[in-house]
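Visitor: This one is input_39.cif, mmCIF, C-alpha atoms.
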```cif
data_entry
loop_
_atom_site.group_PDB
_atom_site.id
_atom_site.type_symbol
_atom_site.label_atom_id
_atom_site.label_comp_id
_atom_site.auth_asym_id
_atom_site.auth_seq_id
_atom_site.Cartn_x
_atom_site.Cartn_y
_atom_site.Cartn_z
ATOM 1 C CA MET A 1 -55.059 62.141 46.140
ATOM 2 C CA PRO A 2 -52.087 61.713 43.752
ATOM 3 C CA THR A 3 -52.740 61.543 40.006
ATOM 4 C CA LEU A 4 -52.623 58.009 38.626
ATOM 5 C CA PRO A 5 -49.747 57.454 36.179
ATOM 6 C CA ASN A 6 -50.506 56.903 32.521
ATOM 7 C CA LEU A 7 -51.182 53.225 31.758
ATOM 8 C CA LYS A 8 -48.416 53.190 29.138
ATOM 9 C CA LEU A 9 -45.888 54.268 31.763
ATOM 10 C CA LEU A 10 -46.935 51.393 34.014
ATOM 11 C CA GLN A 11 -46.718 48.866 31.197
ATOM 12 C CA VAL A 12 -43.210 50.051 30.286
ATOM 13 C CA PHE A 13 -42.133 49.860 33.933
ATOM 14 C CA ALA A 14 -43.503 46.321 34.328
ATOM 15 C CA SER A 15 -41.764 45.173 31.150
ATOM 16 C CA VAL A 16 -38.441 46.667 32.278
ATOM 17 C CA VAL A 17 -38.676 44.836 35.592
ATOM 18 C CA GLU A 18 -39.705 41.538 34.020
ATOM 19 C CA ASN A 19 -36.904 41.765 31.438
ATOM 20 C CA GLN A 20 -34.369 42.885 34.064
ATOM 21 C CA GLY A 21 -33.315 46.101 32.359
ATOM 22 C CA TYR A 22 -33.857 48.638 29.613
ATOM 23 C CA SER A 23 -31.865 46.852 26.931
ATOM 24 C CA ARG A 24 -33.655 43.523 27.324
ATOM 25 C CA ALA A 25 -37.053 45.262 27.342
ATOM 26 C CA GLN A 26 -36.462 46.832 23.903
ATOM 27 C CA GLN A 27 -37.725 43.851 21.935
ATOM 28 C CA ALA A 28 -40.715 43.189 24.199
ATOM 29 C CA LEU A 29 -41.808 46.825 24.013
ATOM 30 C CA ASN A 30 -40.626 47.478 20.443
ATOM 31 C CA MET A 31 -39.009 50.675 21.707
ATOM 32 C CA THR A 32 -35.494 52.120 21.767
ATOM 33 C CA THR A 33 -33.511 52.349 24.991
ATOM 34 C CA PRO A 34 -33.676 56.187 25.046
ATOM 35 C CA ALA A 35 -37.486 56.027 24.664
ATOM 36 C CA ILE A 36 -37.746 53.526 27.520
ATOM 37 C CA SER A 37 -35.485 55.702 29.659
ATOM 38 C CA ALA A 38 -37.687 58.711 28.947
ATOM 39 C CA TYR A 39 -40.806 56.810 30.011
ATOM 40 C CA MET A 40 -39.143 55.638 33.213
ATOM 41 C CA SER A 41 -37.945 59.155 34.057
ATOM 42 C CA GLU A 42 -41.462 60.525 33.499
ATOM 43 C CA LEU A 43 -42.958 57.834 35.752
ATOM 44 C CA GLU A 44 -40.432 58.514 38.544
ATOM 45 C CA SER A 45 -41.093 62.239 38.208
ATOM 46 C CA GLN A 46 -44.849 61.692 38.604
ATOM 47 C CA LEU A 47 -44.380 59.355 41.569
ATOM 48 C CA GLY A 48 -41.783 61.437 43.358
ATOM 49 C CA PHE A 49 -39.386 58.583 44.128
ATOM 50 C CA ILE A 50 -36.730 56.447 42.381
ATOM 51 C CA LEU A 51 -37.856 53.059 41.108
ATOM 52 C CA CYS A 52 -34.596 51.464 40.008
ATOM 53 C CA GLN A 53 -30.854 51.757 39.832
ATOM 54 C CA ARG A 54 -28.912 50.882 36.718
ATOM 55 C CA GLY A 55 -25.247 51.017 35.898
ATOM 56 C CA ARG A 56 -22.219 48.764 35.763
ATOM 57 C CA ALA A 57 -23.621 46.672 38.600
ATOM 58 C CA GLY A 58 -26.688 45.963 36.489
ATOM 59 C CA PHE A 59 -30.373 46.662 36.883
ATOM 60 C CA ALA A 60 -31.905 46.658 40.373
ATOM 61 C CA LEU A 61 -35.150 47.875 41.901
ATOM 62 C CA THR A 62 -35.129 50.104 44.928
ATOM 63 C CA SER A 63 -37.139 48.988 47.951
ATOM 64 C CA LYS A 64 -39.942 51.354 46.949
ATOM 65 C CA GLY A 65 -39.605 50.139 43.366
ATOM 66 C CA GLU A 66 -40.202 46.552 44.501
ATOM 67 C CA GLN A 67 -43.356 47.528 46.353
ATOM 68 C CA PHE A 68 -44.573 49.651 43.456
ATOM 69 C CA TYR A 69 -43.968 46.798 41.023
ATOM 70 C CA ALA A 70 -46.107 44.464 43.161
ATOM 71 C CA TYR A 71 -48.935 47.028 43.099
ATOM 72 C CA THR A 72 -48.488 47.578 39.362
ATOM 73 C CA ARG A 73 -48.511 43.884 38.502
ATOM 74 C CA GLU A 74 -51.681 43.360 40.554
ATOM 75 C CA MET A 75 -53.391 46.244 38.768
ATOM 76 C CA LEU A 76 -52.314 45.118 35.287
ATOM 77 C CA THR A 77 -53.531 41.585 35.993
ATOM 78 C CA THR A 78 -56.901 42.941 37.099
ATOM 79 C CA LEU A 79 -57.050 45.140 34.015
ATOM 80 C CA SER A 80 -56.316 42.172 31.769
ATOM 81 C CA GLY A 81 -59.241 40.281 33.299
ATOM 82 C CA TRP A 82 -61.447 43.323 32.862
ATOM 83 C CA GLN A 83 -60.498 43.584 29.191
ATOM 84 C CA SER A 84 -61.337 39.896 28.670
ATOM 85 C CA GLN A 85 -64.734 40.378 30.274
ATOM 86 C CA VAL A 86 -65.451 43.388 28.080
ATOM 87 C CA GLU A 87 -64.476 41.415 24.980
ATOM 88 C CA THR A 88 -66.808 38.640 26.105
ATOM 89 C CA LEU A 89 -69.648 41.136 26.389
ATOM 90 C CA LYS A 90 -68.875 42.431 22.897
ATOM 91 C CA SER A 91 -68.877 38.973 21.349
ATOM 92 C CA ALA A 92 -71.502 37.267 23.510
ATOM 93 C CA GLN A 93 -75.098 37.039 22.445
ATOM 94 C CA GLY A 94 -77.335 39.425 24.307
ATOM 95 C CA GLY A 95 -81.070 39.482 24.709
ATOM 96 C CA THR A 96 -83.280 37.682 27.194
ATOM 97 C CA PHE A 97 -84.031 34.066 28.000
ATOM 98 C CA ALA A 98 -87.173 33.021 29.873
ATOM 99 C CA LEU A 99 -86.968 29.677 31.669
ATOM 100 C CA GLY A 100 -89.850 28.012 33.477
ATOM 101 C CA VAL A 101 -89.814 25.116 35.953
ATOM 102 C CA VAL A 102 -92.296 23.301 38.146
ATOM 103 C CA ASP A 103 -92.100 23.983 41.872
ATOM 104 C CA ALA A 104 -89.961 22.069 44.389
ATOM 105 C CA THR A 105 -87.002 21.618 42.043
ATOM 106 C CA VAL A 106 -84.408 23.410 44.185
ATOM 107 C CA THR A 107 -83.801 20.218 46.225
ATOM 108 C CA ASP A 108 -83.584 18.033 43.105
ATOM 109 C CA SER A 109 -79.905 17.081 42.765
ATOM 110 C CA THR A 110 -80.603 15.122 39.584
ATOM 111 C CA LEU A 111 -81.666 18.285 37.790
ATOM 112 C CA ASP A 112 -79.310 20.554 39.799
ATOM 113 C CA LEU A 113 -80.944 23.681 38.441
ATOM 114 C CA PRO A 114 -78.535 26.112 40.188
ATOM 115 C CA ALA A 115 -75.608 24.481 38.355
ATOM 116 C CA VAL A 116 -77.541 24.554 35.070
ATOM 117 C CA ILE A 117 -78.148 28.283 35.451
ATOM 118 C CA ALA A 118 -74.510 28.899 36.418
ATOM 119 C CA ARG A 119 -73.246 27.160 33.271
ATOM 120 C CA PHE A 120 -75.722 29.029 31.083
ATOM 121 C CA ASN A 121 -74.679 32.376 32.574
ATOM 122 C CA GLN A 122 -70.998 31.564 32.071
ATOM 123 C CA ARG A 123 -71.653 30.962 28.369
ATOM 124 C CA PHE A 124 -73.972 33.954 27.940
ATOM 125 C CA PRO A 125 -73.126 36.611 30.546
ATOM 126 C CA ALA A 126 -74.848 39.328 28.503
ATOM 127 C CA VAL A 127 -78.203 37.516 28.433
ATOM 128 C CA PHE A 128 -80.885 38.699 30.864
ATOM 129 C CA LEU A 129 -82.409 35.588 32.460
ATOM 130 C CA THR A 130 -85.887 35.264 33.922
ATOM 131 C CA LEU A 131 -86.982 32.212 35.935
ATOM 132 C CA SER A 132 -90.650 31.363 36.512
ATOM 133 C CA VAL A 133 -92.153 28.667 38.738
ATOM 134 C CA CYS A 134 -95.563 27.430 37.566
ATOM 135 C CA GLU A 135 -97.691 24.310 37.398
ATOM 136 C CA PRO A 136 -97.117 22.094 34.327
ATOM 137 C CA ASN A 137 -100.176 23.167 32.341
ATOM 138 C CA GLU A 138 -99.329 26.839 32.788
ATOM 139 C CA LEU A 139 -95.728 26.209 31.748
ATOM 140 C CA GLN A 140 -96.871 24.541 28.543
ATOM 141 C CA GLN A 141 -99.242 27.394 27.747
ATOM 142 C CA GLN A 142 -96.570 30.037 28.305
ATOM 143 C CA VAL A 143 -94.145 28.167 26.054
ATOM 144 C CA LEU A 144 -96.791 27.991 23.310
ATOM 145 C CA GLU A 145 -97.357 31.740 23.647
ATOM 146 C CA ASP A 146 -93.590 32.454 23.596
ATOM 147 C CA ARG A 147 -93.757 33.931 27.097
ATOM 148 C CA LEU A 148 -91.258 31.195 28.027
ATOM 149 C CA ASP A 149 -88.438 29.994 25.822
ATOM 150 C CA LEU A 150 -88.070 26.624 27.530
ATOM 151 C CA ALA A 151 -89.804 24.781 30.379
ATOM 152 C CA ILE A 152 -88.719 21.925 32.638
ATOM 153 C CA GLY A 153 -91.059 19.619 34.504
ATOM 154 C CA HIS A 154 -93.390 16.640 34.562
ATOM 155 C CA PHE A 155 -96.031 17.192 31.878
ATOM 156 C CA PRO A 156 -98.901 14.679 32.245
ATOM 157 C CA LEU A 157 -100.782 16.209 29.316
ATOM 158 C CA ARG A 158 -99.308 16.317 25.840
ATOM 159 C CA ALA A 159 -99.661 19.605 23.945
ATOM 160 C CA SER A 160 -99.533 20.002 20.205
ATOM 161 C CA ASN A 161 -96.859 22.297 18.725
ATOM 162 C CA LEU A 162 -94.553 21.517 21.663
ATOM 163 C CA VAL A 163 -91.353 19.538 21.372
ATOM 164 C CA THR A 164 -90.960 17.560 24.624
ATOM 165 C CA LEU A 165 -87.698 15.705 25.222
ATOM 166 C CA PRO A 166 -87.026 13.414 28.222
ATOM 167 C CA LEU A 167 -84.505 14.221 30.947
ATOM 168 C CA TYR A 168 -84.899 11.787 33.867
ATOM 169 C CA GLU A 169 -87.484 10.318 36.248
ATOM 170 C CA GLU A 170 -88.350 11.771 39.662
ATOM 171 C CA GLN A 171 -89.163 9.270 42.437
ATOM 172 C CA GLN A 172 -92.397 9.940 44.359
ATOM 173 C CA TRP A 173 -93.706 8.239 47.529
ATOM 174 C CA LEU A 174 -96.944 8.478 49.488
ATOM 175 C CA TYR A 175 -96.490 10.310 52.797
ATOM 176 C CA CYS A 176 -98.369 11.142 55.982
ATOM 177 C CA SER A 177 -97.365 12.944 59.164
ATOM 178 C CA PRO A 178 -96.730 11.132 62.462
ATOM 179 C CA GLN A 179 -99.972 12.721 63.742
ATOM 180 C CA HIS A 180 -102.080 11.067 61.051
ATOM 181 C CA ALA A 181 -104.320 8.152 62.048
ATOM 182 C CA LEU A 182 -102.553 5.852 59.566
ATOM 183 C CA ALA A 183 -99.271 6.405 61.411
ATOM 184 C CA GLN A 184 -100.729 5.134 64.681
ATOM 185 C CA GLY A 185 -101.500 1.578 63.600
ATOM 186 C CA ASP A 186 -101.297 -0.984 60.825
ATOM 187 C CA ALA A 187 -102.285 0.430 57.444
ATOM 188 C CA ASP A 188 -103.384 -1.733 54.556
ATOM 189 C CA VAL A 189 -103.936 -0.764 50.923
ATOM 190 C CA ARG A 190 -107.720 -0.555 51.203
ATOM 191 C CA ARG A 191 -107.619 1.630 54.301
ATOM 192 C CA VAL A 192 -105.076 3.957 52.700
ATOM 193 C CA GLN A 193 -107.201 4.295 49.552
ATOM 194 C CA GLN A 194 -110.201 5.299 51.652
ATOM 195 C CA THR A 195 -108.300 7.992 53.537
ATOM 196 C CA GLY A 196 -108.507 11.718 52.766
ATOM 197 C CA MET A 197 -105.913 12.514 50.144
ATOM 198 C CA VAL A 198 -104.555 15.804 48.807
ATOM 199 C CA THR A 199 -103.839 15.875 45.094
ATOM 200 C CA ARG A 200 -102.455 18.431 42.677
ATOM 201 C CA ARG A 201 -104.916 20.492 40.736
ATOM 202 C CA TYR A 202 -103.344 19.626 37.392
ATOM 203 C CA TRP A 203 -103.871 15.876 37.927
ATOM 204 C CA ASN A 204 -106.959 14.639 36.106
ATOM 205 C CA GLN A 205 -108.968 11.604 37.154
ATOM 206 C CA GLN A 206 -106.834 9.324 35.006
ATOM 207 C CA GLU A 207 -103.676 10.493 36.788
ATOM 208 C CA LEU A 208 -105.350 9.935 40.148
ATOM 209 C CA ASN A 209 -106.430 6.424 39.173
ATOM 210 C CA LYS A 210 -102.883 5.593 38.109
ATOM 211 C CA ARG A 211 -101.705 6.476 41.626
ATOM 212 C CA GLY A 212 -104.212 4.016 43.144
ATOM 213 C CA PHE A 213 -106.948 6.448 44.215
ATOM 214 C CA ARG A 214 -110.448 7.123 42.925
ATOM 215 C CA HIS A 215 -111.000 10.466 44.606
ATOM 216 C CA SER A 216 -109.305 13.139 46.675
ATOM 217 C CA THR A 217 -110.570 15.338 49.482
ATOM 218 C CA ALA A 218 -108.294 18.330 48.867
ATOM 219 C CA SER A 219 -106.543 19.951 45.922
ATOM 220 C CA VAL A 220 -103.531 22.269 45.708
ATOM 221 C CA GLU A 221 -101.638 24.189 43.031
ATOM 222 C CA SER A 222 -98.135 23.599 44.391
ATOM 223 C CA ILE A 223 -96.108 20.913 46.115
ATOM 224 C CA GLU A 224 -95.365 23.307 48.977
ATOM 225 C CA ALA A 225 -99.100 23.640 49.608
ATOM 226 C CA GLN A 226 -99.438 19.861 49.386
ATOM 227 C CA LEU A 227 -96.725 19.427 52.012
ATOM 228 C CA THR A 228 -98.535 21.877 54.290
ATOM 229 C CA LEU A 229 -101.745 19.839 54.185
ATOM 230 C CA ILE A 230 -99.867 16.580 54.763
ATOM 231 C CA LEU A 231 -98.096 18.049 57.784
ATOM 232 C CA SER A 232 -101.475 19.036 59.202
ATOM 233 C CA GLY A 233 -102.036 15.364 60.015
ATOM 234 C CA ARG A 234 -105.379 15.308 58.201
ATOM 235 C CA TYR A 235 -104.275 14.328 54.698
ATOM 236 C CA ILE A 236 -101.959 11.957 52.891
ATOM 237 C CA GLY A 237 -100.290 12.711 49.557
ATOM 238 C CA PHE A 238 -97.502 12.003 47.113
ATOM 239 C CA LEU A 239 -94.303 14.049 47.311
ATOM 240 C CA PRO A 240 -90.975 13.947 45.451
ATOM 241 C CA GLU A 241 -88.425 11.944 47.422
ATOM 242 C CA HIS A 242 -85.795 14.702 47.251
ATOM 243 C CA TYR A 243 -88.288 17.288 48.504
ATOM 244 C CA ALA A 244 -89.497 15.178 51.435
ATOM 245 C CA ARG A 245 -86.100 13.737 52.408
ATOM 246 C CA SER A 246 -85.050 16.234 55.086
ATOM 247 C CA ARG A 247 -88.446 16.204 56.823
ATOM 248 C CA GLU A 248 -88.560 12.415 56.625
ATOM 249 C CA GLN A 249 -85.143 12.252 58.288
ATOM 250 C CA GLN A 250 -86.384 14.608 61.003
ATOM 251 C CA GLY A 251 -89.396 12.368 61.651
ATOM 252 C CA GLN A 252 -91.941 14.857 60.309
ATOM 253 C CA LEU A 253 -93.023 12.625 57.414
ATOM 254 C CA LEU A 254 -93.625 8.871 57.107
ATOM 255 C CA ARG A 255 -93.866 6.781 53.940
ATOM 256 C CA LEU A 256 -97.063 4.781 53.575
ATOM 257 C CA LEU A 257 -96.786 1.250 52.170
ATOM 258 C CA PRO A 258 -93.819 2.132 49.930
ATOM 259 C CA HIS A 259 -93.935 -1.308 48.284
ATOM 260 C CA HIS A 260 -97.355 -0.400 46.877
ATOM 261 C CA PHE A 261 -97.766 3.397 46.688
ATOM 262 C CA HIS A 262 -95.024 4.901 44.587
ATOM 263 C CA PHE A 263 -94.376 6.110 41.049
ATOM 264 C CA ARG A 264 -91.691 7.747 38.953
ATOM 265 C CA ALA A 265 -92.620 11.018 37.243
ATOM 266 C CA PRO A 266 -90.848 11.481 33.896
ATOM 267 C CA PHE A 267 -89.276 14.939 33.680
ATOM 268 C CA SER A 268 -88.773 16.627 30.322
ATOM 269 C CA PHE A 269 -87.862 19.954 28.818
ATOM 270 C CA ALA A 270 -90.249 21.534 26.366
ATOM 271 C CA PHE A 271 -90.031 24.312 23.786
ATOM 272 C CA ARG A 272 -92.274 25.467 20.973
ATOM 273 C CA ARG A 273 -91.941 23.657 17.689
ATOM 274 C CA GLY A 274 -89.939 25.689 15.201
ATOM 275 C CA ARG A 275 -87.499 27.170 17.738
ATOM 276 C CA ALA A 276 -85.057 24.266 18.063
ATOM 277 C CA ARG A 277 -82.275 26.006 16.137
ATOM 278 C CA GLU A 278 -82.286 29.198 18.201
ATOM 279 C CA PRO A 279 -78.840 29.515 19.855
ATOM 280 C CA LEU A 280 -80.032 30.097 23.438
ATOM 281 C CA ILE A 281 -82.547 27.258 23.356
ATOM 282 C CA ARG A 282 -79.977 24.976 21.761
ATOM 283 C CA ALA A 283 -77.393 25.884 24.408
ATOM 284 C CA MET A 284 -79.801 25.278 27.280
ATOM 285 C CA ARG A 285 -80.716 21.887 25.828
ATOM 286 C CA GLU A 286 -77.037 20.938 25.676
ATOM 287 C CA ILE A 287 -76.498 22.049 29.280
ATOM 288 C CA LEU A 288 -79.564 20.201 30.553
ATOM 289 C CA ASN A 289 -78.673 16.971 28.802
ATOM 290 C CA PRO A 290 -75.034 16.990 27.624
ATOM 291 C CA ALA A 291 -75.117 13.273 26.795
ATOM 292 C CA ARG A 292 -77.977 13.761 24.340
ATOM 293 C CA LYS A 293 -77.147 14.681 20.812
ATOM 294 C CA THR A 294 -79.327 17.491 19.560
ATOM 295 C CA GLU A 295 -82.424 15.841 18.169
ATOM 296 C CA ARG A 296 -84.222 16.923 15.115
ATOM 297 C CA GLU A 297 -87.704 18.161 15.649
ATOM 298 C CA SER A 298 -90.306 15.538 14.927
#
```
Would you mind writing the file's structure down as structure tokens?
Guide:
Amino acid sequence: MPTLPNLKLLQVFASVVENQGYSRAQQALNMTTPAISAYMSELESQLGFILCQRGRAGFALTSKGEQFYAYTREMLTTLSGWQSQVETLKSAQGGTFALGVVDATVTDSTLDLPAVIARFNQRFPAVFLTLSVCEPNELQQQVLEDRLDLAIGHFPLRASNLVTLPLYEEQQWLYCSPQHALAQGDADVRRVQQTGMVTRRYWNQQELNKRGFRHSTASVESIEAQLTLILSGRYIGFLPEHYARSREQQGQLLRLLPHHFHFRAPFSFAFRRGRAREPLIRAMREILNPARKTERES
């Protein structure tokens, strides 16, 4: 394998080509014509072929010189990008950032978590990111213990020493599968309320009452588990509209009395009080809600 030419030789060669000759390249390179000529001769000697012709007819690349210039320009452009990336790493804030979210957010286009993470990584490429998926109560506890820097989700219970700021509302409907008894005939409110329902473990009795039910016959820790029980045809339950949409379109889920059984879950982001001014938390808040001016902690 041939030895790669010195980078300085390649930069001189590129400048000579782009300035169409040795004389015009003097100012760009801040070099004398004899010095430029010496560099060019050294480069041609290393390569083993002539790059250009110069004389009374003017400056002109040979056919091999034209090809070599194309290769050189491509390499120098790549190198320039590499240098910019290295400078970004030198100036960018490092460290780690721990983000937590509730489950079933990947289909939520309102949040668009993949885009949020992409923008955060673009701003802080040197930061090591961790992403956790937990139920709301666990997210709040991990934020309080500084195991998470920021959490996103629907938090039915308020926790002291947490700053919780609103993002948007997630639409939820009551669903059953086509195999469920309620899907076979007319369903009224009373009959639905007396049917076996699967709820989420972190819902207390007050939350259940707000949804129109006094009791449940099954409990789960995640929305994926809730969907599984609903698809069994033996339970009904609330699901986020975005999460259920594809299965509803495929006929695997049916909404039950949507004029009566529905609610909007307020989504928020939460962080521990006292950390609002930390750069990474502040940046993530701006990305999550760019229209919101940074609030003071209350």
Visitor: Just want the 9 Å neighbourhood of range 230-232 of chain A, counted on only C-alpha atoms, with same-chain residues fewer than 2 positions away dropped. Output as a CSV table (one decimal) with C-alpha atoms, in the coordinates of the input.
Guide:
```csv
chain,number,residue,atom,x,y,z
A,175,TYR,CA,-96.5,10.3,52.8
A,176,CYS,CA,-98.4,11.1,56.0
A,177,SER,CA,-97.4,12.9,59.2
A,178,PRO,CA,-96.7,11.1,62.5
A,179,GLN,CA,-100.0,12.7,63.7
A,180,HIS,CA,-102.1,11.1,61.1
A,197,MET,CA,-105.9,12.5,50.1
A,198,VAL,CA,-104.6,15.8,48.8
A,225,ALA,CA,-99.1,23.6,49.6
A,226,GLN,CA,-99.4,19.9,49.4
A,227,LEU,CA,-96.7,19.4,52.0
A,228,THR,CA,-98.5,21.9,54.3
A,234,ARG,CA,-105.4,15.3,58.2
A,235,TYR,CA,-104.3,14.3,54.7
A,236,ILE,CA,-102.0,12.0,52.9
A,237,GLY,CA,-100.3,12.7,49.6
A,252,GLN,CA,-91.9,14.9,60.3
A,253,LEU,CA,-93.0,12.6,57.4
```
Visitor: Around range 6-15 of chain A, fit a box with edges along x, y and z, padding it by 3 Å on each side, then list its centre and edge lengths in Å to one decimal as AutoDock Vina command-line options.
Guide:
```
--center_x -46.5 --center_y 51.0 --center_z 31.7 --size_x 15.4 --size_y 17.7 --size_z 11.2
```
Visitor: Could you tell me how far CA of His154 in chain A lies from CA of Ala244 in chain A, in Å and to one decimal?
Guide: 17.4 Å
Visitor: Set the distance at 12 Å and use only C-alpha atoms: which residues neighbour Gln53 in chain A once local chain neighbours fewer than 2 positions away are removed? I'd like the list as an MDAnalysis selection string.
Guide: chainID A and resid 16:17 20:22 37 40:41 44 49:51 55:66
Visitor: Evaluate the PyMOL selection byres ((chain A and resi 273-286) around 12) on the structure here and hand back the selected residues as an MDAnalysis selection string.
Guide: chainID A and resid 92:99 113 115:129 140 143:146 148:152 159:167 268:272 287:298
Visitor: For the atom pair CA of Arg200 in chain A and CA of Gly251 in chain A, what is the interatomic distance in Å to one decimal place?
Guide: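 It comes out at 23.8 Å.
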Visitor: When you draw a straight line from CA of Arg264 in chain A to CA of Asn204 in chain A, how long is it in Å?
Guide: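 Value for the CA of Arg264 in chain A-CA of Asn204 in chain A distance: 17.0 Å.
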Visitor: With the PyMOL selection byres ((chain A and resi 133) around 7) as the selection, what would be picked from this file? Answer as a PDB file with C-alpha atoms, in the coordinates of the input, please.
Guide:
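Heads up, here's the output in out-v4.pdb:
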```pdb
ATOM      1  CA  GLY A 100     -89.850  28.012  33.477  1.00  0.00           C
ATOM      2  CA  VAL A 101     -89.814  25.116  35.953  1.00  0.00           C
ATOM      3  CA  VAL A 102     -92.296  23.301  38.146  1.00  0.00           C
ATOM      4  CA  ASP A 103     -92.100  23.983  41.872  1.00  0.00           C
ATOM      5  CA  LEU A 131     -86.982  32.212  35.935  1.00  0.00           C
ATOM      6  CA  SER A 132     -90.650  31.363  36.512  1.00  0.00           C
ATOM      7  CA  CYS A 134     -95.563  27.430  37.566  1.00  0.00           C
TER       8      CYS A 134
END
```
Visitor: Choose the residue, out of A:Leu9, A:Leu76, A:Ala14, A:Ala25, that has the smallest atom-to-atom separation from Ala38 in chain A; count only C-alpha atoms.
Guide: A:Leu9
Visitor: Residues within 10 Å of (-105.0, 1.4, 42.5), file coordinates, counting only C-alpha atoms: what are they? Give the list as an MDAnalysis selection string.
Guide: chainID A and resid 189:190 193 208:214 260:261
Visitor: The PyMOL selection byres ((chain A and resi 170) around 12) on the file shown: which residues, as a PyMOL selection string?
Guide: chain A and resi 104-105+107-111+153-154+166-169+171-173+238-243+262-268
Visitor: Residues within 12 Å of Leu4 in chain A, please, as an NGL selection string. Count all atoms listed in the file; anything in the same chain fewer than 3 positions from it doesn't count.
Guide: :A and (1 or 7-10 or 43 or 46-47 or 72 or 75)
